[in-house]
Structures are given as C-alpha cells and as structure tokens.
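Everything on this sheet refers to the single structure shown next.
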Amino acid sequence: MKLKDVVDKLELKVLTCEDKVGAEVSGGYTSDLLSDVMANSKEGNLWITLQTHQNIVAVAKLKDLSGIVLVNERQPDVDTVQKATAEGVLLLQTSEPAFVISGKLYQLLGA
Amino acid sequence: MAEENGLSQVFEITGKDFGRAGTISTKIKEILQEIGIDSAVIRRAAIAAYEAEMNIVMYAQRGTLTLTLTPTAIRLDVDDEGPGIEDIELAMQEGFSTATDEMREMGFGAGMGLPNIRKNSDEFAISSTPGKGTSIDVVLNLNQVAE
Ligand SMILES: Nc1ncnc2c1ncn2[C@@H]1O[C@H](COP(=O)(O)OP(=O)(O)OP(=O)(O)O)[C@@H](O)[C@H]1O
Ligand SMILES: [Mg+2]
C-alpha cells in the first residue's frame, strides 16, 4: 500500500518530507529499542515508536524504513526535525498510543 | 588485521557525541551504494557499522572505523580508546548491557549491538584491553549470497 493511503486512512500528521508519501509501505515495526529496530525492521516498514530524539533518523535511514510514526502525539525534538528534513526521512505523528496505531496499521495492510 | 590490497578510508568517531552519532555509518552506506554493492550486503554492513559506531559513542572516548574494499570483501576495522571490555563473552550475550539510565531512556542498551554485528558478519573478531580500548574486525564477503 502507498504511504499516502496509510497517512490518509490512519489520519497521520506529516511532520517532515511530505514528498516521500509516494513510497510503498511494506509493513510495520513497533519498538522503542534502537538496536532492536536495527536488527528486526524490514525495508519499507513504518516504524512506530515513542522515541523523539535525533538518533531515530539515522536508524530509519540506515534501514530504508518508509517513515517513523511518533505515538501519543509526541513532539519530536527540534534537531530531530532538522535532521529528518536534511536526510529525507518522513516523520509522522499520531494521537493514538503504539498498541492502537499498530493494530490499525496491521489491519489496513493485512486487508 | 593485515592490509590487503584494497582501498581504505578512515573515519573518526567521537565518544559521547550523540548529536553526530550515526553519521559515519550513514556515510559508509552511501559509499557502498555509490559503488554499487549488492543491497543485501549493504544492509548488513550498515547494521554492523552503526552498532560499532554507537558503542564508541556510548562507551569510549574516541575511535576510528576503517572501511576497506577489496575485490572480494568489505572490511570494517573498528578501534577505540576507552574503558575496554572486561568479560567479552558476557558482553557478547544478547541482553547484557551496562548502558546508563539516560541511554536506556533514549532506546539504547538493549544489549543487542554486539550480537547484531556478529550476526551480520561473515567473519567477526573482537578483542579488548581493559583500561585501553576495544577492537572489532568485521568482514563481509561479496559475490555470494548470505542469509
Ligand atoms: N567499544 C566498547 N567499549 C567498552 N565497552 C563496550 C564497547 N562495546 C560494547 N561494550 C560493552 O558491552 C556491552 C554490550 O554491548 P552491546 O552493543 O551488545 O549492547 P549495548 O550497547 O549495551 O546496547 P545496544 O547496542 O542494544 O543499544 C555494553 O553495554 C558495554 O558494557
Ligand atoms: Mg551497543
């Protein structure tokens, strides 16, 4: 499914790199541990997390993730937004907690 | 490890500099992409480089990562000046971590970095002198399908 459709259907707020929403979402990975995401996320995954500091950008970039979804309406740090913009990493935000948004994404991609 | 005939490039990594953490591994990934290395190999190299870089940032004062490309392999030789590792076998166990609370809050300290480096390497060697530093040598073979 295209990222754009996921963003629309899950009502995600786009914080950076709106131009990346044409990409394909291959699935999702929900974790707040960076090494776990490095080890177990797959190319094209949407990463669902509560981490908001700038180190999440390198992880998304290194793993070719399609985007990062910040849960519970968490605000990214200023340098996270700067880095994501510079590196071309799509940052998204939801008011839902990780469990709920993961379930919705699972349902959407599974259907 | 001895130098083979190949192209080497040395990158400096500064300890405790979380702001720039990840820039070296990102750079290495870009270099490998530019020369057209197989994407599956790049992904494994990126994981190994990132985890080694992060360990220097988290635990050491400073270090270097040397990327060497030969016709048959990618080598990552990582050396740091830092506290070293007392018990390497323990440090290699998944889940073992001495990360501080502050690091854990940021999502570091799963104790997965070193095991991930080994998992993604075709050859892996680690050595350490407590009080001096740690060295990790990784080889990823080209022209063959791993995984
Ligand atoms: N370069 C290093 N210098 C000193 N100690 C190190 C170094 N690398 C690893 N260690 C020690 O080995 C432990 C395990 O490292 P490992 O990378 O597997 O996990 P971690 O860094 O604690 O957590 P994670 O990598 O999952 O964020 C560390 O907690 C630390 O005690
Ligand atoms: Mg580590």
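In the structure tokens, each chain is lettered A, B, ... as it comes, each chain's residues begin at 1, and ligands are numbered from 1 in order of appearance.
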_chain A contacts on chain B, only C-alpha atoms, 10 Å, as a ChimeraX atom specification_ = /B:18-30,42-51,54,104-117,119-120
Keeping only C-alpha atoms, write those residues as a PDB file, in the first residue's frame.
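Saved file result.pdb follows:
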ATOM      1  CA  PHE B  18      25.150  11.701  20.455  1.00  0.00           C
ATOM      2  CA  GLY B  19      24.393  14.607  18.141  1.00  0.00           C
ATOM      3  CA  ARG B  20      26.617  13.237  15.399  1.00  0.00           C
ATOM      4  CA  ALA B  21      26.050   9.579  16.209  1.00  0.00           C
ATOM      5  CA  GLY B  22      25.113   7.603  13.132  1.00  0.00           C
ATOM      6  CA  THR B  23      26.775   9.939  10.634  1.00  0.00           C
ATOM      7  CA  ILE B  24      29.711   7.596   9.976  1.00  0.00           C
ATOM      8  CA  SER B  25      27.550   4.548   9.318  1.00  0.00           C
ATOM      9  CA  THR B  26      25.264   6.641   7.117  1.00  0.00           C
ATOM     10  CA  LYS B  27      28.330   7.801   5.173  1.00  0.00           C
ATOM     11  CA  ILE B  28      29.562   4.234   4.793  1.00  0.00           C
ATOM     12  CA  LYS B  29      26.210   3.132   3.472  1.00  0.00           C
ATOM     13  CA  GLU B  30      26.296   5.945   0.909  1.00  0.00           C
ATOM     14  CA  ILE B  42      24.923  -3.052   2.237  1.00  0.00           C
ATOM     15  CA  ARG B  43      22.138  -3.595   4.750  1.00  0.00           C
ATOM     16  CA  ARG B  44      24.298  -5.964   6.785  1.00  0.00           C
ATOM     17  CA  ALA B  45      27.298  -3.620   6.592  1.00  0.00           C
ATOM     18  CA  ALA B  46      25.122  -0.707   7.702  1.00  0.00           C
ATOM     19  CA  ILE B  47      23.932  -2.596  10.778  1.00  0.00           C
ATOM     20  CA  ALA B  48      27.471  -3.627  11.742  1.00  0.00           C
ATOM     21  CA  ALA B  49      28.851  -0.123  11.197  1.00  0.00           C
ATOM     22  CA  TYR B  50      26.018   1.523  13.117  1.00  0.00           C
ATOM     23  CA  GLU B  51      26.280  -0.719  16.168  1.00  0.00           C
ATOM     24  CA  MET B  54      27.147   3.633  18.644  1.00  0.00           C
ATOM     25  CA  ARG B 104      18.183   3.439  28.057  1.00  0.00           C
ATOM     26  CA  GLU B 105      15.599   6.195  28.008  1.00  0.00           C
ATOM     27  CA  MET B 106      16.806   7.003  24.519  1.00  0.00           C
ATOM     28  CA  GLY B 107      16.296   3.396  23.477  1.00  0.00           C
ATOM     29  CA  PHE B 108      19.902   2.278  23.701  1.00  0.00           C
ATOM     30  CA  GLY B 109      21.036  -0.552  25.929  1.00  0.00           C
ATOM     31  CA  ALA B 110      19.046  -3.497  24.602  1.00  0.00           C
ATOM     32  CA  GLY B 111      22.306  -5.422  24.684  1.00  0.00           C
ATOM     33  CA  MET B 112      21.806  -6.302  21.042  1.00  0.00           C
ATOM     34  CA  GLY B 113      24.553  -4.302  19.328  1.00  0.00           C
ATOM     35  CA  LEU B 114      27.484  -6.714  19.541  1.00  0.00           C
ATOM     36  CA  PRO B 115      25.344  -9.805  18.805  1.00  0.00           C
ATOM     37  CA  ASN B 116      23.877  -7.960  15.802  1.00  0.00           C
ATOM     38  CA  ILE B 117      27.342  -7.150  14.488  1.00  0.00           C
ATOM     39  CA  LYS B 119      25.094 -11.993  13.129  1.00  0.00           C
ATOM     40  CA  ASN B 120      25.595  -9.724  10.141  1.00  0.00           C
TER      41      ASN B 120
END
*Tyr106 (chain A) surroundings by only C-alpha atoms, 10 Å radius, close-in-sequence under 4 positions cut, as a list in words*: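 Counting only the stated atoms, we get Gly27, Gly28, Tyr29, Val100, Ile101, Ser102, Gly110 and Ala111 of chain A.
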*May I ask which of the residues B:Asn141, B:Ala125, B:Gly63, B:Ile56 is the closest one to ligand 1, counting only C-alpha atoms and all ligand atoms?*
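Among B:Asn141, B:Ala125, B:Gly63, B:Ile56, it is B:Ile56 that comes nearest to ligand 1.
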*Those in chain B with strand (DSSP E or B) from DSSP, as a PyMOL selection string*: chain B and resi 7-14+62-69+73-81+123-129+133-141
*In Å, how far is it from CA of Lys20 (chain A) to CA of Val69 (chain A)?*
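Separation of CA of Lys20 (chain A) and CA of Val69 (chain A): 13.7 Å.
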*For ligand 2, which residue among B:Glu123, B:Glu12, B:Asp101, B:Glu53 is the nearest when counting only C-alpha atoms and all ligand atoms?*
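Under the stated criterion, the closest residue is B:Glu53.
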_I'd like to know which residues of region 19-81 of chain B are helix (DSSP H, G or I) (by DSSP, run on the backbone); could you write them as an NGL selection string?_
:B and (23-34 or 39-59)
*Closest to Glu96 (chain A) among A:Val6, A:Cys17, A:Leu12, A:Leu109, using only C-alpha atoms?*
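The answer is A:Leu12, which sits nearest to Glu96 (chain A).
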_Surrounding residues of Glu11 (chain A) excluding itself and chain neighbours under 5 positions, 10 Å, only C-alpha atoms, as a ChimeraX atom specification_ = /A:5-6,92-95
What does the file look like for those residues with all heavy atoms, as a PDB file, in the first residue's frame?
ATOM      1  N   ASP A   5      -1.856   6.560   1.207  1.00  0.00           N
ATOM      2  CA  ASP A   5      -3.125   5.964   1.637  1.00  0.00           C
ATOM      3  C   ASP A   5      -3.102   5.643   3.123  1.00  0.00           C
ATOM      4  O   ASP A   5      -4.106   5.796   3.826  1.00  0.00           O
ATOM      5  CB  ASP A   5      -3.414   4.697   0.823  1.00  0.00           C
ATOM      6  CG  ASP A   5      -3.579   5.034  -0.658  1.00  0.00           C
ATOM      7  OD1 ASP A   5      -4.152   6.095  -0.954  1.00  0.00           O
ATOM      8  OD2 ASP A   5      -3.118   4.246  -1.505  1.00  0.00           O
ATOM      9  N   VAL A   6      -1.932   5.180   3.608  1.00  0.00           N
ATOM     10  CA  VAL A   6      -1.799   4.885   5.035  1.00  0.00           C
ATOM     11  C   VAL A   6      -1.958   6.173   5.849  1.00  0.00           C
ATOM     12  O   VAL A   6      -2.681   6.209   6.852  1.00  0.00           O
ATOM     13  CB  VAL A   6      -0.428   4.232   5.339  1.00  0.00           C
ATOM     14  CG1 VAL A   6      -0.233   4.038   6.834  1.00  0.00           C
ATOM     15  CG2 VAL A   6      -0.292   2.909   4.600  1.00  0.00           C
ATOM     16  N   LEU A  92       6.145  11.164  10.953  1.00  0.00           N
ATOM     17  CA  LEU A  92       4.694  11.241  11.077  1.00  0.00           C
ATOM     18  C   LEU A  92       4.328  11.261  12.550  1.00  0.00           C
ATOM     19  O   LEU A  92       5.131  10.893  13.409  1.00  0.00           O
ATOM     20  CB  LEU A  92       4.050  10.027  10.404  1.00  0.00           C
ATOM     21  CG  LEU A  92       4.386   9.835   8.915  1.00  0.00           C
ATOM     22  CD1 LEU A  92       4.108   8.406   8.498  1.00  0.00           C
ATOM     23  CD2 LEU A  92       3.591  10.812   8.069  1.00  0.00           C
ATOM     24  N   GLN A  93       3.103  11.653  12.840  1.00  0.00           N
ATOM     25  CA  GLN A  93       2.669  11.730  14.222  1.00  0.00           C
ATOM     26  C   GLN A  93       1.215  11.281  14.319  1.00  0.00           C
ATOM     27  O   GLN A  93       0.418  11.535  13.417  1.00  0.00           O
ATOM     28  CB  GLN A  93       2.802  13.175  14.693  1.00  0.00           C
ATOM     29  CG  GLN A  93       2.605  13.378  16.178  1.00  0.00           C
ATOM     30  CD  GLN A  93       2.394  14.855  16.463  1.00  0.00           C
ATOM     31  OE1 GLN A  93       1.593  15.512  15.819  1.00  0.00           O
ATOM     32  NE2 GLN A  93       3.127  15.373  17.441  1.00  0.00           N
ATOM     33  N   THR A  94       0.905  10.596  15.420  1.00  0.00           N
ATOM     34  CA  THR A  94      -0.469  10.192  15.686  1.00  0.00           C
ATOM     35  C   THR A  94      -0.812  10.500  17.138  1.00  0.00           C
ATOM     36  O   THR A  94       0.073  10.518  17.993  1.00  0.00           O
ATOM     37  CB  THR A  94      -0.677   8.681  15.417  1.00  0.00           C
ATOM     38  OG1 THR A  94      -2.021   8.333  15.748  1.00  0.00           O
ATOM     39  CG2 THR A  94       0.264   7.818  16.246  1.00  0.00           C
ATOM     40  N   SER A  95      -2.088  10.723  17.407  1.00  0.00           N
ATOM     41  CA  SER A  95      -2.506  10.921  18.801  1.00  0.00           C
ATOM     42  C   SER A  95      -2.730   9.580  19.498  1.00  0.00           C
ATOM     43  O   SER A  95      -2.848   9.513  20.719  1.00  0.00           O
ATOM     44  CB  SER A  95      -3.786  11.758  18.850  1.00  0.00           C
ATOM     45  OG  SER A  95      -4.758  11.169  18.021  1.00  0.00           O
TER      46      SER A  95
END
